[in-house]
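The block underneath contains the structure these notes are about, expressed in structure tokens.
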Amino acid sequence: MRRWLIPLSQRTTAYAIVLLIFDYALLIGALAATVLVDGWLGKMVFGVAAGFMIGRLFIIGHDACHQSLTPHRGLNRVLGRIAFLPSITPYSLWDVGHNVVHHGYTNLKGFDFVWAPLTRDEFNALSPWRQLLDRIYRSGWAPGLYYMVEIWWLRMFFPSKAYMGTRRSIFLWDCLLVSAFGLVWIGSLVAAAAAAGQALLPVLVCGLVVPFLFWCSMIGFVVYVHHTHVKVSWYDDRAGWARAQPFISTTVHLTFPLRFGAVLHHIMEHTAHHLDMSIPLYRLKNAQKMLEDLLPQRIVIQRFSWRWYFDTARRCKLYDFTRRCWTAYSGRATSEPAASPA
């Protein structure tokens with residue numbers, strides 16, 4: 001299947017750099033507006049816009065981390081770190097957690113930790129506090145809280161040995177790099193507020209807190225809908241997982257009206273991305289179409305609606321690896337049992 005996509009894996013340096021500069025310009029403009037615009041409402045609107053632009057920049061960095069943004073490995077590492085700065089994401093730690101673990105073992109319990117569902121026995125063994133937290137995470141209302149706590153805080157930002165057993169100097173340096181950027185961000189907002197005669201609190205809230213929280217909600221939502229669906233299976237057996245061809249069966253292609261997918265740099269054409277990480281974001285749409293034309297009925301395609309999203313959140317609480325289906329917290333099956341891998 002990857003051979004089909006080889007013609008679409010060509011990368012272009014100039015276009016990648018233009019995309020990065022364009023998105024940074026929009027981010028800086030939105031952050032400047034949180035200082036210059038009067039009133040909480042206006043500042044809040046531009047703070048949300050800044051958070052969205054952080055997400056777009058992160059998608060560019062995500063491509064660079066996969067070595068799919070430009071043909072040059074060294075340049076990709078530099079551009080990736082630059083693109084990751086506003087999301088306070090250490091490049092090397094994301095590389096390990098995302099490229100090695102998530103892409104290497106997508107939806108394999110015990111390896112892939114991103115939105116990995118608990119079994120009923122595992123949930124019942126949790127403390128009341130952890131049970132409540134899991135219910136909040138999977139309510140549909142808190143994907144940002146899940147990402148901020150379980151992914152960013154515990155595994156990306158100066159992670160403890162319990163969450164990152166391997167200790168490398170590059171991990172520390174990348175954490176220090178994004179921390180320094182965060183301090184410059186705060187200092188710039190303080191200086192700009194003083195120069196513009198604006199109150200400091202609304203500038204910091206709308207120019208720092210709101211963008212970061214929106215970004216966390218955005219990435220938490222995106223990762224959740226990529227791999228959580230009543231037709232998407234999880235596995236606890238490595239051999240069965242491999243037989244299931246998980247690179248196309250564990251991923252959802254979420255479609256939107258009004259070409260909204262292009263605004264997200266085509267990150268929602270996710271099946272093609274998981275099959276071949278070398279395809280750059282600016283060729284994913286064509287790659288996804290090719291796969292869907294060649295593999296009809298094999299790929300999960302879902303048109304987005306809030307009704308579908310909250311129905312998925314209601315049904316996909318726990319996973320029964322014996323019956324191979326999603327369940328409610330009570331253990332009641334909420335999806336059709338998946339066929340066993342051949």
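In the structure tokens, chains take letters A, B, ... by order of appearance, with residues numbered from 1 within each chain and ligands from 1 in the order shown.
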Counting only C-alpha atoms, what are the residues of segment 182-259 of chain A within 12 Å of segment 56-70 of chain A, and for each of them which pair of atoms is the nearest and at what distance in Å, to one decimal? Sort the table by chain and rising number, as a tab-separated table.
residue	atom	partner	partner_atom	distance
A:Trp215	CA	A:Phe58	CA	9.3
A:Cys216	CA	A:Phe58	CA	11.1
A:Met218	CA	A:Arg56	CA	10.0
A:Ile219	CA	A:Phe58	CA	9.1
A:Val222	CA	A:Ile59	CA	11.0
A:Val223	CA	A:Ile59	CA	11.9
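Using only C-alpha atoms, the protein and nucleic acid residues lying no more than 9 Å from Leu26 of chain A, apart from those fewer than 6 places from it along its own chain, are A:Ala49, A:Ala50, A:Met53.
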Q: Return the single residue from A:Leu36, A:Ala116, A:Leu27, A:Ala162 that is closest to Gly197 of chain A, with distances computed using only C-alpha atoms.
A: A:Leu36
Q.
To test your reading of the structure, identify every residue in segment 234-276 of chain A that backbone DSSP assigns to strand (DSSP E), and report it as a ChimeraX atom specification.
A. /A:252-255
What does the file look like for those residues with C-alpha atoms, as a compact mmCIF listing (two decimals), in the first residue's frame?
# COMPACT_ATOMS: atom_id res chain seq x y z
CA VAL A 252 -10.60 7.87 11.33
CA HIS A 253 -10.84 10.24 8.37
CA LEU A 254 -13.02 13.00 9.78
CA THR A 255 -14.56 15.21 7.09
Any chance you could tabulate, as a Markdown table, the residues of segment 179-245 of chain A at most 8 Å from segment 72-90 of chain A with each one's nearest atom pair and distance in Å to one decimal, using only C-alpha atoms, in chain and rising number order?
| residue | atom | partner | partner_atom | distance |
| --- | --- | --- | --- | --- |
| A:Ser179 | CA | A:Ile88 | CA | 7.1 |
| A:Phe181 | CA | A:Leu85 | CA | 6.6 |
| A:Gly182 | CA | A:Ile88 | CA | 7.0 |
| A:Phe212 | CA | A:Ser87 | CA | 6.9 |
| A:Trp215 | CA | A:Ser87 | CA | 7.2 |
(Q) Can you pull out the residues contacting Cys206 of chain A? Cut-off 10 Å, using only C-alpha atoms, and skip same-chain residues under 2 positions away; I want them as a list of chain:residue names. (A) A:Leu31, A:Ala33, A:Thr34, A:Val35, A:Trp40, A:Leu41, A:Gly42, A:Lys43, A:Met44, A:Val45, A:Phe46, A:Gly47, A:Val48, A:Ala50, A:Gly51, A:Leu201, A:Pro202, A:Val203, A:Leu204, A:Leu208, A:Val209, A:Val210, A:Pro211, A:Phe212
Who sits within 6 Å of segment 103-107 of chain A, only C-alpha atoms, same chain under 4 positions skipped, as a compact mmCIF listing (two decimals) with C-alpha atoms, in the first residue's frame:
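Final output, saved to around-v5.txt:
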# COMPACT_ATOMS: atom_id res chain seq x y z
CA ASN A 99 6.75 8.94 16.20
CA ASP A 112 0.28 3.39 22.69
CA TRP A 234 -8.03 -1.46 20.23
Q: Skip His266 of chain A itself and residues of its chain fewer than 4 positions away, then list as a ChimeraX atom specification all residues within 8 Å of it, counting only C-alpha atoms.
A: /A:261-262,281-282,284-285
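Our summary of the geometry notes that atom CA of Pro117 of chain A is positioned 23.1 Å from atom CA of Arg303 of chain A.
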(Q) One decimal, in Å: what's the spacing between atom CA of Ser305 of chain A and atom CA of Tyr137 of chain A? (A)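 Result for atom CA of Ser305 of chain A versus atom CA of Tyr137 of chain A: 19.5 Å, one decimal.
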**Q.** Atom pair atom CA of Ser139 of chain A / atom CA of Thr312 of chain A: separation (Å)
**A.** 9.6 Å
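Residue nearest Pro159 of chain A within the list A:Phe123, A:Trp94, A:Tyr24, A:Phe52: A:Trp94 [criterion: smallest interatomic distance, only C-alpha atoms].
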Q: Tell me, as a list in words, which residues lie within 8 Å of Ala272 of chain A, counting only C-alpha atoms; anything in the same chain fewer than 2 positions away does not count.
A: Ile248, Glu269, His270, His274, Leu275, Asp276, Met277, Ile279, Leu284, Ala287, Gln288 and Leu291 of chain A
Q: For each of A:Gly187, A:Pro257, A:Pro337, A:Pro296, take the minimum atom-to-atom distance to Lys231 of chain A, counting only C-alpha atoms, then give the residue where this is smallest.
A: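 When distances to Lys231 of chain A are compared using only C-alpha atoms, the smallest one comes from A:Pro337.
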Q) Pick the closest to Trp308 of chain A from A:Arg168, A:Arg238, A:Lys109, A:His229: which is it, counting only C-alpha atoms? A)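 Ranking A:Arg168, A:Arg238, A:Lys109, A:His229 by distance to Trp308 of chain A, first place goes to A:His229.
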Q | Among listed residues A:Ala242, A:Leu318, A:Ile28, A:Met164, nearest Gln131 of chain A (using only C-alpha atoms) | A |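 Comparing A:Ala242, A:Leu318, A:Ile28, A:Met164 against Gln131 of chain A, the winner is A:Leu318.
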